[in-house]
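Asker: Just so it is clear, I am handing over protein_23.pdb, which has PDB, C-alpha atoms.
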```
ATOM      1  CA  MET S   1      21.711 -11.767  27.071
ATOM      2  CA  THR S   2      22.328  -8.376  28.600
ATOM      3  CA  ILE S   3      20.028  -5.429  28.155
ATOM      4  CA  ARG S   4      22.654  -3.720  26.001
ATOM      5  CA  GLU S   5      22.763  -6.752  23.668
ATOM      6  CA  GLN S   6      18.949  -6.829  23.496
ATOM      7  CA  LYS S   7      18.858  -3.164  22.537
ATOM      8  CA  ALA S   8      21.564  -3.694  19.902
ATOM      9  CA  GLN S   9      19.497  -6.557  18.505
ATOM     10  CA  VAL S  10      16.386  -4.336  18.273
ATOM     11  CA  VAL S  11      18.407  -1.579  16.551
ATOM     12  CA  GLN S  12      19.705  -4.119  14.020
ATOM     13  CA  GLU S  13      16.145  -5.400  13.491
ATOM     14  CA  LEU S  14      14.961  -1.844  12.833
ATOM     15  CA  LYS S  15      17.801  -1.195  10.388
ATOM     16  CA  ASP S  16      17.016  -4.418   8.515
ATOM     17  CA  LYS S  17      13.328  -3.528   8.289
ATOM     18  CA  PHE S  18      13.997  -0.011   7.018
ATOM     19  CA  GLU S  19      16.417  -1.387   4.418
ATOM     20  CA  LYS S  20      14.167  -4.262   3.221
ATOM     21  CA  SER S  21      10.886  -2.323   3.239
ATOM     22  CA  SER S  22       9.577  -0.511   0.211
ATOM     23  CA  SER S  23       7.779   1.809   2.636
ATOM     24  CA  ALA S  24       7.485   2.557   6.336
ATOM     25  CA  VAL S  25       5.049   4.927   8.011
ATOM     26  CA  LEU S  26       5.521   6.260  11.537
ATOM     27  CA  ILE S  27       2.378   7.138  13.461
ATOM     28  CA  ASP S  28       1.278   8.452  16.817
ATOM     29  CA  TYR S  29      -1.126   5.754  18.001
ATOM     30  CA  LYS S  30      -2.245   7.632  21.131
ATOM     31  CA  GLY S  31      -5.892   7.131  22.035
ATOM     32  CA  LEU S  32      -6.451   3.684  20.525
ATOM     33  CA  ASN S  33      -8.215   1.211  22.770
ATOM     34  CA  VAL S  34      -7.344  -2.494  22.762
ATOM     35  CA  GLN S  35     -10.122  -3.483  20.350
ATOM     36  CA  GLU S  36      -9.201  -0.771  17.836
ATOM     37  CA  ALA S  37      -5.502  -1.658  18.041
ATOM     38  CA  THR S  38      -6.307  -5.340  17.519
ATOM     39  CA  GLU S  39      -8.467  -4.580  14.471
ATOM     40  CA  LEU S  40      -5.727  -2.361  13.039
ATOM     41  CA  ARG S  41      -3.091  -5.071  13.558
ATOM     42  CA  SER S  42      -5.385  -7.603  11.883
ATOM     43  CA  THR S  43      -5.873  -5.306   8.876
ATOM     44  CA  PHE S  44      -2.116  -4.848   8.596
ATOM     45  CA  ARG S  45      -1.513  -8.595   8.873
ATOM     46  CA  ASP S  46      -4.040  -9.324   6.108
ATOM     47  CA  ALA S  47      -2.254  -6.834   3.834
ATOM     48  CA  GLY S  48       1.209  -8.252   4.572
ATOM     49  CA  VAL S  49       2.271  -5.178   6.536
ATOM     50  CA  GLU S  50       4.228  -5.445   9.779
ATOM     51  CA  TYR S  51       3.089  -3.040  12.501
ATOM     52  CA  LYS S  52       5.094  -2.681  15.671
ATOM     53  CA  VAL S  53       5.815  -0.212  18.475
ATOM     54  CA  TYR S  54       9.489   0.599  19.037
ATOM     55  CA  LYS S  55      11.237   2.769  21.604
ATOM     56  CA  ASN S  56      12.015   6.172  20.118
ATOM     57  CA  THR S  57      15.613   6.054  21.353
ATOM     58  CA  LEU S  58      16.282   2.778  19.538
ATOM     59  CA  THR S  59      14.543   4.031  16.394
ATOM     60  CA  GLU S  60      16.693   7.168  16.606
ATOM     61  CA  ILE S  61      19.911   5.116  16.737
ATOM     62  CA  ALA S  62      18.826   3.013  13.737
ATOM     63  CA  ALA S  63      17.783   6.115  11.778
ATOM     64  CA  LYS S  64      21.127   7.819  12.414
ATOM     65  CA  GLU S  65      23.026   4.724  11.291
ATOM     66  CA  LEU S  66      20.949   4.566   8.091
ATOM     67  CA  GLY S  67      21.244   8.281   7.310
ATOM     68  CA  LEU S  68      17.546   8.971   7.961
ATOM     69  CA  GLU S  69      18.143  11.937  10.272
ATOM     70  CA  GLU S  70      15.085  13.702   8.817
ATOM     71  CA  ILE S  71      12.773  11.458  10.882
ATOM     72  CA  LEU S  72      14.456  12.321  14.203
ATOM     73  CA  PRO S  73      12.217  15.340  15.017
ATOM     74  CA  PHE S  74       9.165  13.056  14.716
ATOM     75  CA  LEU S  75      10.393  10.558  17.312
ATOM     76  CA  VAL S  76       8.485  12.173  20.158
ATOM     77  CA  GLY S  77       5.630  10.580  22.069
ATOM     78  CA  PRO S  78       4.185   7.157  21.323
ATOM     79  CA  THR S  79       5.434   5.936  17.944
ATOM     80  CA  ALA S  80       4.471   2.839  15.983
ATOM     81  CA  ILE S  81       5.893   1.889  12.608
ATOM     82  CA  ALA S  82       4.136   0.082   9.765
ATOM     83  CA  PHE S  83       6.583  -1.640   7.394
ATOM     84  CA  SER S  84       5.708  -3.102   3.995
ATOM     85  CA  GLU S  85       8.217  -5.030   1.910
ATOM     86  CA  GLU S  86       5.989  -5.624  -1.122
ATOM     87  CA  ASP S  87       3.322  -2.960  -1.547
ATOM     88  CA  PRO S  88       4.576   0.566  -0.758
ATOM     89  CA  VAL S  89       1.017   1.917  -0.799
ATOM     90  CA  ALA S  90      -0.484  -0.523   1.733
ATOM     91  CA  PRO S  91       0.643   1.037   5.059
ATOM     92  CA  ALA S  92      -0.302   4.558   3.973
ATOM     93  CA  LYS S  93      -3.688   3.421   2.636
ATOM     94  CA  ILE S  94      -4.558   1.375   5.738
ATOM     95  CA  LEU S  95      -3.476   4.127   8.143
ATOM     96  CA  ASN S  96      -5.236   6.845   6.175
ATOM     97  CA  ASP S  97      -8.486   4.828   6.245
ATOM     98  CA  ALA S  98      -8.072   4.062   9.968
ATOM     99  CA  ILE S  99      -7.468   7.721  10.800
ATOM    100  CA  LYS S 100     -10.601   8.758   8.883
ATOM    101  CA  LYS S 101     -12.617   6.071  10.663
ATOM    102  CA  LEU S 102     -11.255   6.340  14.218
ATOM    103  CA  LYS S 103     -10.106   9.987  14.298
ATOM    104  CA  LYS S 104      -7.557   9.083  16.988
ATOM    105  CA  MET S 105      -4.187   8.459  15.382
ATOM    106  CA  GLU S 106      -1.874  10.901  13.687
ATOM    107  CA  LEU S 107       0.586  10.373  10.847
ATOM    108  CA  LYS S 108       4.116  11.520  11.650
ATOM    109  CA  VAL S 109       6.454  10.786   8.742
ATOM    110  CA  GLY S 110       7.136   8.114   6.149
ATOM    111  CA  VAL S 111      10.064   6.485   4.385
ATOM    112  CA  VAL S 112       9.639   5.231   0.820
ATOM    113  CA  ASP S 113      12.599   3.506  -0.838
ATOM    114  CA  GLY S 114      15.013   5.230   1.539
ATOM    115  CA  LYS S 115      13.531   8.720   1.015
ATOM    116  CA  VAL S 116      11.751  10.537   3.840
ATOM    117  CA  ILE S 117       8.281  11.894   2.989
ATOM    118  CA  ASP S 118       6.054  14.211   4.995
ATOM    119  CA  VAL S 119       2.402  13.748   5.983
ATOM    120  CA  GLU S 120       1.174  15.186   2.670
ATOM    121  CA  GLY S 121       3.381  12.704   0.841
ATOM    122  CA  ILE S 122       1.914   9.846   2.882
ATOM    123  CA  LYS S 123      -1.630  11.008   2.055
ATOM    124  CA  ALA S 124      -0.719  11.264  -1.639
ATOM    125  CA  LEU S 125       0.717   7.749  -1.452
ATOM    126  CA  ALA S 126      -2.520   6.525   0.153
ATOM    127  CA  ASP S 127      -4.509   7.919  -2.779
ATOM    128  CA  LEU S 128      -2.531   5.862  -5.301
ATOM    129  CA  PRO S 129      -4.078   2.620  -6.505
ATOM    130  CA  SER S 130      -2.594  -0.562  -5.064
ATOM    131  CA  LYS S 131      -0.251  -2.787  -7.031
ATOM    132  CA  GLU S 132      -3.092  -5.245  -7.756
ATOM    133  CA  GLU S 133      -5.351  -2.458  -9.053
ATOM    134  CA  LEU S 134      -2.600  -1.183 -11.354
ATOM    135  CA  ILE S 135      -1.973  -4.681 -12.718
ATOM    136  CA  ALA S 136      -5.713  -5.174 -13.315
ATOM    137  CA  LYS S 137      -5.934  -1.858 -15.179
ATOM    138  CA  MET S 138      -2.916  -2.727 -17.292
ATOM    139  CA  LEU S 139      -4.306  -6.158 -18.177
ATOM    140  CA  GLY S 140      -7.657  -4.588 -19.027
ATOM    141  CA  SER S 141      -5.910  -2.124 -21.328
ATOM    142  CA  MET S 142      -3.979  -4.928 -22.977
ATOM    143  CA  ASN S 143      -7.153  -6.994 -23.379
ATOM    144  CA  ALA S 144      -9.210  -4.194 -24.971
ATOM    145  CA  PRO S 145      -7.621  -4.332 -28.469
ATOM    146  CA  ILE S 146      -8.064  -8.098 -28.577
ATOM    147  CA  SER S 147     -11.726  -7.784 -27.553
ATOM    148  CA  ASN S 148     -12.284  -5.126 -30.216
ATOM    149  CA  LEU S 149     -10.640  -7.321 -32.869
ATOM    150  CA  VAL S 150     -12.869 -10.250 -31.927
ATOM    151  CA  GLY S 151     -15.906  -7.961 -32.162
ATOM    152  CA  VAL S 152     -14.885  -6.741 -35.633
ATOM    153  CA  LEU S 153     -14.104 -10.230 -36.891
ATOM    154  CA  SER S 154     -17.382 -11.639 -35.592
ATOM    155  CA  GLY S 155     -19.230  -8.728 -37.227
ATOM    156  CA  VAL S 156     -18.370  -9.936 -40.761
ATOM    157  CA  PRO S 157     -20.062 -13.359 -40.480
ATOM    158  CA  ARG S 158     -22.963 -11.756 -38.598
ATOM    159  CA  ALA S 159     -23.475  -9.280 -41.461
ATOM    160  CA  LEU S 160     -23.294 -12.125 -43.976
ATOM    161  CA  VAL S 161     -25.935 -14.114 -42.094
ATOM    162  CA  CYS S 162     -28.183 -11.036 -41.922
ATOM    163  CA  ALA S 163     -27.786 -10.454 -45.674
ATOM    164  CA  LEU S 164     -28.582 -14.105 -46.459
ATOM    165  CA  ASN S 165     -31.668 -13.946 -44.219
ATOM    166  CA  ALA S 166     -32.807 -10.783 -45.996
ATOM    167  CA  ILE S 167     -32.392 -12.481 -49.392
ATOM    168  CA  LYS S 168     -34.259 -15.540 -48.138
ATOM    169  CA  ASP S 169     -37.087 -13.347 -46.824
ATOM    170  CA  GLN S 170     -37.284 -11.520 -50.173
ATOM    171  CA  LYS S 171     -37.551 -14.764 -52.142
ATOM    172  CA  GLU S 172     -40.209 -16.120 -49.822
ATOM    173  CA  ALA S 173     -42.339 -13.031 -50.220
TER
END
```
Could you quickly redo this structure as structure tokens?

Answerer:
Amino acid sequence: MTIREQKAQVVQELKDKFEKSSSAVLIDYKGLNVQEATELRSTFRDAGVEYKVYKNTLTEIAAKELGLEEILPFLVGPTAIAFSEEDPVAPAKILNDAIKKLKKMELKVGVVDGKVIDVEGIKALADLPSKEELIAKMLGSMNAPISNLVGVLSGVPRALVCALNAIKDQKEA
């Protein structure tokens, strides 16, 4: 395989990832040591997020072909991309936490469902609850009326038992 074919393959891979992903976040990873990079990759892997470094020129070609020209000014210096197919919040949340902890990386730009978002948008996305948290809250909200109904229904027999005990105590006295 020639170098040209390899580069075309990487461009196609990038296009596929941008199209399939619910979100992608581009970062400047400058300053990370090997241990920090390994920990970050492990965190991404655990969350089902793919994190990879691509050449800016190849990312630029893929972005142009997909109509994502707004990210072109950010393709300067070392650039890594975190892609998530399932949870659009995961890459932003993980990167935001890593930046707070390590103080070495820098967010560049993000793409959510084909729309380019700036750094503030990425930070806002990171503040959103994850998909699992939203599902848990929704199930809790759905469960609350049932729990209240059970409490009300169990209150009637409890009140009856209390009344019968009071009558029994009165007759014994």

Asker: In Å, rounded to a single decimal, give me how far CA of Asp118 in chain S is from CA of Asp87 in chain S.

Answerer: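 Computing the Euclidean distance for CA of Asp87 in chain S and CA of Asp118 in chain S yields 18.6 Å.
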
Asker: Could you list, as a list in words, every residue matched by the PyMOL selection byres ((chain S and resi 128-135) around 12) in this structure?

Answerer: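 Given this file, the PyMOL selection byres ((chain S and resi 128-135) around 12) evaluates to Ala47, Glu86, Asp87, Pro88, Val89, Ala90, Pro91, Ala92, Lys93, Ile94, Asn96, Gly121, Ile122, Lys123, Ala124, Leu125, Ala126, Asp127, Ala136, Lys137, Met138, Leu139, Gly140, Ser141 and Met142 of chain S.
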
Asker: When distances are computed from only C-alpha atoms, which of S:Asp28, S:Glu13, S:Glu120, S:Asp169 shows the smallest separation from Lys104 in chain S?

Answerer: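 Closest to Lys104 in chain S of all the choices is S:Asp28.
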
Asker: Calculated over only C-alpha atoms, which of the candidates S:Ile61, S:Ile27, S:Val49, S:Val161 has the smallest distance to Glu106 in chain S?

Answerer: S:Ile27

Asker: Find the distance between CA of Thr57 in chain S and CA of Ser42 in chain S and write it in Å to one decimal.

Answerer: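 Straight-line distance from CA of Thr57 in chain S to CA of Ser42 in chain S works out to 26.8 Å.
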
Asker: Name the residues that the PyMOL selection byres ((chain S and resi 54) around 10) pulls out of this structure, and write them as a ChimeraX atom specification.

Answerer: /S:10-11,14,51-53,55-59,78-81

Asker: Since the input has fewer atoms than a full residue there, write range 98-112 of chain S out with N, CA and C atoms, as an mmCIF file, keeping the file's coordinate frame.

Answerer:
```cif
data_model
loop_
_atom_site.group_PDB
_atom_site.id
_atom_site.type_symbol
_atom_site.label_atom_id
_atom_site.label_comp_id
_atom_site.auth_asym_id
_atom_site.auth_seq_id
_atom_site.Cartn_x
_atom_site.Cartn_y
_atom_site.Cartn_z
ATOM 1 N N ALA S 98 -7.850 4.208 8.524
ATOM 2 C CA ALA S 98 -8.072 4.062 9.968
ATOM 3 C C ALA S 98 -8.200 5.423 10.644
ATOM 4 N N ILE S 99 -7.399 6.376 10.210
ATOM 5 C CA ILE S 99 -7.468 7.721 10.800
ATOM 6 C C ILE S 99 -8.809 8.370 10.481
ATOM 7 N N LYS S 100 -9.288 8.199 9.254
ATOM 8 C CA LYS S 100 -10.601 8.758 8.883
ATOM 9 C C LYS S 100 -11.705 8.115 9.714
ATOM 10 N N LYS S 101 -11.585 6.808 9.940
ATOM 11 C CA LYS S 101 -12.617 6.071 10.663
ATOM 12 C C LYS S 101 -12.575 6.346 12.173
ATOM 13 N N LEU S 102 -11.383 6.254 12.765
ATOM 14 C CA LEU S 102 -11.255 6.340 14.218
ATOM 15 C C LEU S 102 -11.028 7.754 14.742
ATOM 16 N N LYS S 103 -10.407 8.602 13.915
ATOM 17 C CA LYS S 103 -10.106 9.987 14.298
ATOM 18 C C LYS S 103 -9.282 10.055 15.593
ATOM 19 N N LYS S 104 -8.353 9.106 15.766
ATOM 20 C CA LYS S 104 -7.557 9.083 16.988
ATOM 21 C C LYS S 104 -6.061 9.129 16.717
ATOM 22 N N MET S 105 -5.622 8.530 15.651
ATOM 23 C CA MET S 105 -4.187 8.459 15.382
ATOM 24 C C MET S 105 -3.745 9.663 14.567
ATOM 25 N N GLU S 106 -2.430 9.786 14.440
ATOM 26 C CA GLU S 106 -1.874 10.901 13.687
ATOM 27 C C GLU S 106 -0.642 10.416 12.930
ATOM 28 N N LEU S 107 -0.590 10.708 11.641
ATOM 29 C CA LEU S 107 0.586 10.373 10.847
ATOM 30 C C LEU S 107 1.740 11.270 11.261
ATOM 31 N N LYS S 108 2.946 10.721 11.296
ATOM 32 C CA LYS S 108 4.116 11.520 11.650
ATOM 33 C C LYS S 108 4.994 11.763 10.424
ATOM 34 N N VAL S 109 5.527 10.682 9.868
ATOM 35 C CA VAL S 109 6.454 10.786 8.742
ATOM 36 C C VAL S 109 6.538 9.410 8.081
ATOM 37 N N GLY S 110 7.007 9.376 6.855
ATOM 38 C CA GLY S 110 7.136 8.114 6.149
ATOM 39 C C GLY S 110 8.492 7.991 5.475
ATOM 40 N N VAL S 111 8.838 6.765 5.123
ATOM 41 C CA VAL S 111 10.064 6.485 4.385
ATOM 42 C C VAL S 111 9.684 5.569 3.233
ATOM 43 N N VAL S 112 9.937 6.030 2.006
ATOM 44 C CA VAL S 112 9.639 5.231 0.820
ATOM 45 C C VAL S 112 10.933 5.071 0.028
#
```
